[in-house]
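Q: There's a structure below that I have some questions on.
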Amino acid sequence: MQLRPACSLAVILALAAPIAARGQAPAGSQRPALLPAWVGDHPRFGWSGAWLFPVGDPYEIGSPGPKGSPAYRINRCIGEPEDGGGRHTGADLSCGYGGDVVRAAGNGLVVRAEAHGWNGGYGRHIVIAHRLVDGGLVYSVYAHLADQSLRVKKGQLVAAGQPIGRVGRSGRATSEHLHFEVRLAEGRDEPWQDAEVLDPITFVSEQDRADTTLDRATWWHMLARAARQSRDEFPDETEGVRQMLIGEGVIEATDTTSAAQCLSWGDLAQDMRRLKKVGLMVARPPFSPAEHRALCEREFAVPRPTQALDPLAGRKGAPLVGQACIVLADLAGSWESAKKAKPGPTEPAHQPPPATRGVQAGREVDASPH
Ligand SMILES: [Zn+2]
C-alpha cells in the first residue's frame with residue numbers, strides 16, 4: 001500500500017505545535033512579551049501541539065483514513081491481561097494486514113529507534129518524547145514495526161503526522177498490528193519504560209486538533225501564547241487573555257466580539273496586520289523556513305501570507321486552527337539567524353537535545369507488549 005497522510009495535514013499539525021499549545025517558558029524565565037520565544041533545552045524541541053492517531057483516520061479510530069487509508073480497530077487496549085501474564089501497556093491497532101504507514105502522533109523528539117531485535121517483545125520500535133503544554137513530558141511508543149520500515153533516527157525531531165515506519169509484526173506479535181503506547185513521565189529523568197501507562201486512545205482524543213474552525217477564544221489564546229510564552233504571566237481565563245492582548249496592542253480595545261464567535265479571514269488578516277506592526281515573533285516550527293514557504297504556497301498560493309494580507313482577507317469560508325497556525329508561523333524569526341544570535345541572559349544556551357540529558361533513550365526494554 002502506498003499510503004501517506006495528507007502532506008498539508010502533517011505540516012499543519014506540526015506548525016500548530018509552538019503556537020497552539022498553551023505555552024510555557026523554561027523554568028525561571030522572565031521573558032518579556034513580544035520577544036522571540038525559545039523553547040526548553042533544545043530550541044526546536046517544541047510543544048507536542050495537535051495530536052492525531054498514528055494509523056488510519058487521524059481522529060476517528062474505526063473510520064477509513066485519508067486517501068483510502070484503511071480503518072483500524074482496537075484489538076486490545078491497556079490493562080487487559082496478556083497471554084504471558086501481566087497487563088497490556090498500549091492499544092493494539094489493526095486493519096487486518098501490515099505495511100500501512102505509521103505516523104508520529106505528535107511533534108516530538110525521537111529518543112529510541114530500534115530497527116532490529118526482539119527488544120523485550122516490542123520488536124522494531126520507535127519511542128518519541130513529547131513536551132506537553134503544561135510542561136510535562138509524555139512518550140509515545142510504536143512497536144512491532146515492519147522490517148526496514150523505520151524512517152527516523154534517535155535524536156531526530158519529528159512532526160505530528162510525519163511517517164515514521166510501517167505496521168508489521170516484529171517482536172512478540174501474533175498478527176500484523178501497531179502496538180501504540182502513551183506514557184506520562186513523572187519528570188524529565190524518568191525513562192519511558194518506567195513512565196505511567198496512559199490509555200493512548202483517550203489521550204489522543206483529548207488533545208487539540210488542527211482541523212477545527214477557529215473561534216475567537218482559541219485565536220486569542222494562540223496570539224497570547226505566541227506573544228508571551230511564560231506561563232507564570234499567562235492568564236487562564238479568556239477574558240484575562242483578551243485584556244492582556246489589548247494591553248499589548250495586539251487586539252483593539254474596541255473589539256467586543258464574543259469569544260465563542262468564529263473568526264473570519266478578514267478578522268484574521270486584520271489582526272495579522274496589527275501583529276506585524278507591534279513586531280510579534282513566534283517560536284519556530286520544526287521545519288525550515290523553506291519548507292514553511294512551500295507549505296504556504298500550497299495552502300495560500302503565496303510563500304509569505306503575511307505579505308499578502310488582502311488576498312487572505314478575501315478568502316471564502318472560515319480559517320481552521322491549523323491554517324491560522326501556518327499564517328502565524330510566518331512571523332517566526334529566522335531559524336538560522338536565531339542560531340547565530342548570542343543567547344540573552346534568560347535564554348538557554350544551545351545544548352544537545354534532551355535525549356542526552358534526561359529524556360532517556362538507552363535503557364533495556366523490560367515490558368512485553370503483544
Ligand atoms: Zn500490544
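In the C-alpha cells, chains take the letters A, B, ... in the order shown, each chain's residues start at 1, and ligands count up from 1 in the order shown.
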Taking only C-alpha atoms and all ligand atoms into account, which residues are within 9 Å of ligand 1, as a list in words?
A: Asn75, Arg76, Cys77, Ile78, Glu82, His88, Thr89, Gly90, Ala91, Asp92, Leu93, Tyr122, Ala143, His144, Arg172, Ala173, His177, Leu178, His179, Phe180, Glu181, Ser368, Pro369 and His370 of chain A
Q: Please run DSSP on the backbone and report, as a list in words, all residues within range 236-281 of chain A that come out as alpha helix (DSSP H).
A: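 For range 236-281 of chain A, the alpha helix (DSSP H) set is Thr238, Glu239, Gly240, Val241, Arg242, Gln243, Met244, Leu245, Ile246, Gly247, Trp265, Gly266, Asp267, Leu268, Ala269, Gln270, Asp271, Met272, Arg273, Arg274, Leu275, Lys276, Lys277 and Val278 of chain A.
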Q: Output the selection as a PDB file, in the first residue's frame - N, CA and C atoms for each residue.
A:
ATOM      1  N   THR A 238     -10.300  33.363  29.377  1.00  0.00           N
ATOM      2  CA  THR A 238     -10.303  34.022  28.077  1.00  0.00           C
ATOM      3  C   THR A 238     -10.353  35.539  28.217  1.00  0.00           C
ATOM      4  N   GLU A 239     -11.135  36.027  29.194  1.00  0.00           N
ATOM      5  CA  GLU A 239     -11.239  37.479  29.349  1.00  0.00           C
ATOM      6  C   GLU A 239      -9.885  38.075  29.760  1.00  0.00           C
ATOM      7  N   GLY A 240      -9.183  37.349  30.622  1.00  0.00           N
ATOM      8  CA  GLY A 240      -7.848  37.804  31.011  1.00  0.00           C
ATOM      9  C   GLY A 240      -6.901  37.840  29.823  1.00  0.00           C
ATOM     10  N   VAL A 241      -7.023  36.838  28.973  1.00  0.00           N
ATOM     11  CA  VAL A 241      -6.191  36.783  27.770  1.00  0.00           C
ATOM     12  C   VAL A 241      -6.509  37.961  26.866  1.00  0.00           C
ATOM     13  N   ARG A 242      -7.807  38.232  26.727  1.00  0.00           N
ATOM     14  CA  ARG A 242      -8.229  39.337  25.860  1.00  0.00           C
ATOM     15  C   ARG A 242      -7.660  40.661  26.379  1.00  0.00           C
ATOM     16  N   GLN A 243      -7.765  40.843  27.689  1.00  0.00           N
ATOM     17  CA  GLN A 243      -7.252  42.084  28.271  1.00  0.00           C
ATOM     18  C   GLN A 243      -5.739  42.197  28.082  1.00  0.00           C
ATOM     19  N   MET A 244      -5.052  41.078  28.218  1.00  0.00           N
ATOM     20  CA  MET A 244      -3.603  41.083  28.027  1.00  0.00           C
ATOM     21  C   MET A 244      -3.253  41.522  26.601  1.00  0.00           C
ATOM     22  N   LEU A 245      -3.998  40.976  25.650  1.00  0.00           N
ATOM     23  CA  LEU A 245      -3.725  41.298  24.246  1.00  0.00           C
ATOM     24  C   LEU A 245      -4.058  42.757  23.941  1.00  0.00           C
ATOM     25  N   ILE A 246      -5.106  43.250  24.572  1.00  0.00           N
ATOM     26  CA  ILE A 246      -5.437  44.668  24.394  1.00  0.00           C
ATOM     27  C   ILE A 246      -4.298  45.512  24.962  1.00  0.00           C
ATOM     28  N   GLY A 247      -3.825  45.125  26.136  1.00  0.00           N
ATOM     29  CA  GLY A 247      -2.741  45.869  26.780  1.00  0.00           C
ATOM     30  C   GLY A 247      -1.481  45.915  25.938  1.00  0.00           C
ATOM     31  N   TRP A 265     -11.746  35.238   7.758  1.00  0.00           N
ATOM     32  CA  TRP A 265     -10.423  35.504   7.186  1.00  0.00           C
ATOM     33  C   TRP A 265     -10.107  36.992   7.257  1.00  0.00           C
ATOM     34  N   GLY A 266     -11.145  37.814   7.138  1.00  0.00           N
ATOM     35  CA  GLY A 266     -10.933  39.260   7.245  1.00  0.00           C
ATOM     36  C   GLY A 266     -10.437  39.645   8.633  1.00  0.00           C
ATOM     37  N   ASP A 267     -11.048  39.054   9.664  1.00  0.00           N
ATOM     38  CA  ASP A 267     -10.604  39.323  11.041  1.00  0.00           C
ATOM     39  C   ASP A 267      -9.151  38.899  11.230  1.00  0.00           C
ATOM     40  N   LEU A 268      -8.861  37.718  10.700  1.00  0.00           N
ATOM     41  CA  LEU A 268      -7.512  37.180  10.880  1.00  0.00           C
ATOM     42  C   LEU A 268      -6.480  38.078  10.195  1.00  0.00           C
ATOM     43  N   ALA A 269      -6.824  38.505   8.970  1.00  0.00           N
ATOM     44  CA  ALA A 269      -5.885  39.371   8.235  1.00  0.00           C
ATOM     45  C   ALA A 269      -5.681  40.686   8.980  1.00  0.00           C
ATOM     46  N   GLN A 270      -6.770  41.209   9.536  1.00  0.00           N
ATOM     47  CA  GLN A 270      -6.673  42.476  10.267  1.00  0.00           C
ATOM     48  C   GLN A 270      -5.770  42.328  11.502  1.00  0.00           C
ATOM     49  N   ASP A 271      -5.975  41.225  12.221  1.00  0.00           N
ATOM     50  CA  ASP A 271      -5.133  41.007  13.398  1.00  0.00           C
ATOM     51  C   ASP A 271      -3.676  40.794  13.008  1.00  0.00           C
ATOM     52  N   MET A 272      -3.453  40.133  11.879  1.00  0.00           N
ATOM     53  CA  MET A 272      -2.070  39.914  11.442  1.00  0.00           C
ATOM     54  C   MET A 272      -1.385  41.238  11.123  1.00  0.00           C
ATOM     55  N   ARG A 273      -2.140  42.162  10.553  1.00  0.00           N
ATOM     56  CA  ARG A 273      -1.562  43.488  10.276  1.00  0.00           C
ATOM     57  C   ARG A 273      -1.072  44.130  11.570  1.00  0.00           C
ATOM     58  N   ARG A 274      -1.921  44.007  12.596  1.00  0.00           N
ATOM     59  CA  ARG A 274      -1.567  44.624  13.878  1.00  0.00           C
ATOM     60  C   ARG A 274      -0.369  43.906  14.506  1.00  0.00           C
ATOM     61  N   LEU A 275      -0.342  42.573  14.365  1.00  0.00           N
ATOM     62  CA  LEU A 275       0.777  41.805  14.924  1.00  0.00           C
ATOM     63  C   LEU A 275       2.095  42.208  14.282  1.00  0.00           C
ATOM     64  N   LYS A 276       2.058  42.420  12.982  1.00  0.00           N
ATOM     65  CA  LYS A 276       3.271  42.854  12.293  1.00  0.00           C
ATOM     66  C   LYS A 276       3.711  44.216  12.803  1.00  0.00           C
ATOM     67  N   LYS A 277       2.712  45.050  13.056  1.00  0.00           N
ATOM     68  CA  LYS A 277       3.004  46.410  13.497  1.00  0.00           C
ATOM     69  C   LYS A 277       3.675  46.410  14.875  1.00  0.00           C
ATOM     70  N   VAL A 278       3.173  45.545  15.767  1.00  0.00           N
ATOM     71  CA  VAL A 278       3.771  45.512  17.103  1.00  0.00           C
ATOM     72  C   VAL A 278       5.035  44.652  17.135  1.00  0.00           C
TER      73      VAL A 278
END
Q: In Å, with one decimal, what is the gap from CA of Trp192 in chain A to CA of Gly62 in chain A?
A: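 Going from CA of Trp192 in chain A over to CA of Gly62 in chain A, I get 27.8 Å.
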Q: If I take CA of Val138 in chain A and CA of Gly168 in chain A, how far is one from the other in Å, to one decimal?
A: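 Atom-to-atom, CA of Val138 in chain A and CA of Gly168 in chain A are spaced 23.9 Å apart.
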Q: Near Pro58 in chain A, counting only C-alpha atoms, which residues have an atom at most 12 Å away, once you skip same-chain residues fewer than 5 positions from it, shown as number ranges by chain?
A: A: 4-6, 9-10, 13, 50-53, 63-67, 69-72, 101-106, 160-162, 201, 204-205, 207, 209-211
Q: Go ahead and write the selection's residues with C-alpha atoms as a PDB file, in the first residue's frame.
A:
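Printed below is selection_13.pdb as written:
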ATOM      1  CA  ARG A   4       0.683   8.715   3.122  1.00  0.00           C
ATOM      2  CA  PRO A   5      -1.171  11.166   5.284  1.00  0.00           C
ATOM      3  CA  ALA A   6      -2.129  14.343   3.537  1.00  0.00           C
ATOM      4  CA  LEU A   9      -2.220  17.873   7.408  1.00  0.00           C
ATOM      5  CA  ALA A  10       1.131  16.733   8.725  1.00  0.00           C
ATOM      6  CA  LEU A  13      -0.211  19.780  12.782  1.00  0.00           C
ATOM      7  CA  ALA A  50      -2.057  18.967  18.000  1.00  0.00           C
ATOM      8  CA  TRP A  51      -2.177  15.172  18.153  1.00  0.00           C
ATOM      9  CA  LEU A  52      -3.540  12.504  15.898  1.00  0.00           C
ATOM     10  CA  PHE A  53      -3.793   8.752  15.738  1.00  0.00           C
ATOM     11  CA  SER A  63     -13.094   5.225  10.219  1.00  0.00           C
ATOM     12  CA  PRO A  64     -11.193   4.942   6.945  1.00  0.00           C
ATOM     13  CA  GLY A  65      -8.247   7.314   6.875  1.00  0.00           C
ATOM     14  CA  PRO A  66      -7.158   9.878   4.308  1.00  0.00           C
ATOM     15  CA  LYS A  67      -6.590   8.841   0.716  1.00  0.00           C
ATOM     16  CA  SER A  69      -6.119   4.518   4.228  1.00  0.00           C
ATOM     17  CA  PRO A  70      -7.861   1.565   5.872  1.00  0.00           C
ATOM     18  CA  ALA A  71      -9.984   1.709   9.000  1.00  0.00           C
ATOM     19  CA  TYR A  72      -8.316   0.455  12.155  1.00  0.00           C
ATOM     20  CA  VAL A 101       2.137   3.883   7.213  1.00  0.00           C
ATOM     21  CA  VAL A 102       2.633   4.693  10.888  1.00  0.00           C
ATOM     22  CA  ARG A 103       2.653   8.405  11.695  1.00  0.00           C
ATOM     23  CA  ALA A 104       4.103  10.307  14.622  1.00  0.00           C
ATOM     24  CA  ALA A 105       1.174  11.084  16.920  1.00  0.00           C
ATOM     25  CA  GLY A 106       2.522  14.469  17.958  1.00  0.00           C
ATOM     26  CA  ALA A 160       2.901  15.233  14.051  1.00  0.00           C
ATOM     27  CA  GLY A 161       1.671  13.202  11.120  1.00  0.00           C
ATOM     28  CA  GLN A 162       5.136  12.532   9.772  1.00  0.00           C
ATOM     29  CA  ILE A 201      -6.826   6.324  22.588  1.00  0.00           C
ATOM     30  CA  VAL A 204      -5.044  11.401  21.730  1.00  0.00           C
ATOM     31  CA  SER A 205      -8.791  12.012  21.625  1.00  0.00           C
ATOM     32  CA  GLN A 207      -5.720  16.678  22.642  1.00  0.00           C
ATOM     33  CA  ARG A 209      -6.726  19.069  16.749  1.00  0.00           C
ATOM     34  CA  ALA A 210      -5.828  21.288  13.856  1.00  0.00           C
ATOM     35  CA  ASP A 211      -8.872  20.782  11.645  1.00  0.00           C
TER      36      ASP A 211
END
Q: Could you tell me how far CA of Gln193 in chain A lies from CA of Trp118 in chain A, in Å and to one decimal?
A: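 Taking CA of Gln193 in chain A and CA of Trp118 in chain A, their separation equals 15.4 Å.
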Q: Extract, using only C-alpha atoms, all DNA, RNA and protein residues at most 9 Å from Glu176 in chain A, discarding same-chain residues fewer than 2 positions from it, and format them as number ranges by chain.
A: A: 94-99, 144-146, 167-170, 173-174, 178
Q: Okay, now the selection with C-alpha atoms, as an mmCIF file, in the first residue's frame?
A:
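Ended up saving to out_25.cif:
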data_model
loop_
_atom_site.group_PDB
_atom_site.id
_atom_site.type_symbol
_atom_site.label_atom_id
_atom_site.label_comp_id
_atom_site.auth_asym_id
_atom_site.auth_seq_id
_atom_site.Cartn_x
_atom_site.Cartn_y
_atom_site.Cartn_z
ATOM 1 C CA SER A 94 -5.095 -3.377 13.404
ATOM 2 C CA CYS A 95 -6.617 -3.145 9.954
ATOM 3 C CA GLY A 96 -6.092 -6.828 9.308
ATOM 4 C CA TYR A 97 -2.832 -6.594 7.402
ATOM 5 C CA GLY A 98 0.563 -4.900 7.635
ATOM 6 C CA GLY A 99 2.506 -2.399 5.589
ATOM 7 C CA HIS A 144 6.078 -4.365 16.023
ATOM 8 C CA LEU A 145 7.124 -2.252 13.018
ATOM 9 C CA ALA A 146 7.874 -3.890 9.683
ATOM 10 C CA VAL A 167 2.871 -1.667 10.502
ATOM 11 C CA GLY A 168 4.463 -5.076 10.947
ATOM 12 C CA ARG A 169 4.625 -7.997 13.355
ATOM 13 C CA SER A 170 8.167 -7.905 14.730
ATOM 14 C CA ALA A 173 3.106 -10.240 17.896
ATOM 15 C CA THR A 174 0.855 -12.965 16.575
ATOM 16 C CA LEU A 178 0.633 -1.481 15.685
#
Q: Would you list the contacts of Lys153 in chain A as a list in words, taking every protein, DNA or RNA residue within 10 Å and counting only C-alpha atoms, but skipping same-chain residues closer than 6 positions in sequence?
A: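 My reading of the contact set: Leu109, Val110, Val111, Arg112, Ala113, Glu114, Ala115, Ile126 and Ile164 of chain A.
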Q: Using N, CA and C atoms, can you write the selected residues to a file as a short mmCIF file (atom, residue, chain, number, x, y, z; two decimals), in the first residue's frame?
A:
data_model
loop_
_atom_site.label_atom_id
_atom_site.label_comp_id
_atom_site.auth_asym_id
_atom_site.auth_seq_id
_atom_site.Cartn_x
_atom_site.Cartn_y
_atom_site.Cartn_z
N LEU A 109 10.59 14.45 19.84
CA LEU A 109 11.99 14.11 19.65
C LEU A 109 12.11 12.58 19.73
N VAL A 110 12.68 11.98 18.71
CA VAL A 110 12.86 10.53 18.72
C VAL A 110 13.94 10.18 19.74
N VAL A 111 13.57 9.38 20.73
CA VAL A 111 14.55 9.00 21.75
C VAL A 111 14.96 7.54 21.61
N ARG A 112 14.29 6.83 20.74
CA ARG A 112 14.66 5.44 20.51
C ARG A 112 14.14 5.02 19.14
N ALA A 113 14.98 4.39 18.37
CA ALA A 113 14.56 3.85 17.07
C ALA A 113 15.32 2.56 16.87
N GLU A 114 14.68 1.46 17.23
CA GLU A 114 15.33 0.14 17.17
C GLU A 114 14.89 -0.57 15.90
N ALA A 115 15.82 -0.73 14.99
CA ALA A 115 15.49 -1.32 13.69
C ALA A 115 15.67 -2.83 13.68
N ILE A 126 9.82 2.45 17.83
CA ILE A 126 10.23 3.86 17.91
C ILE A 126 9.59 4.44 19.16
N ILE A 164 6.78 7.54 10.09
CA ILE A 164 7.97 7.10 10.82
C ILE A 164 8.29 5.64 10.57
#
Q: A:Gly249, A:Pro305, A:Gly68, A:Pro191: which is nearest Val127 in chain A, counting only C-alpha atoms?
A: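 Nearest to Val127 in chain A: A:Pro191.
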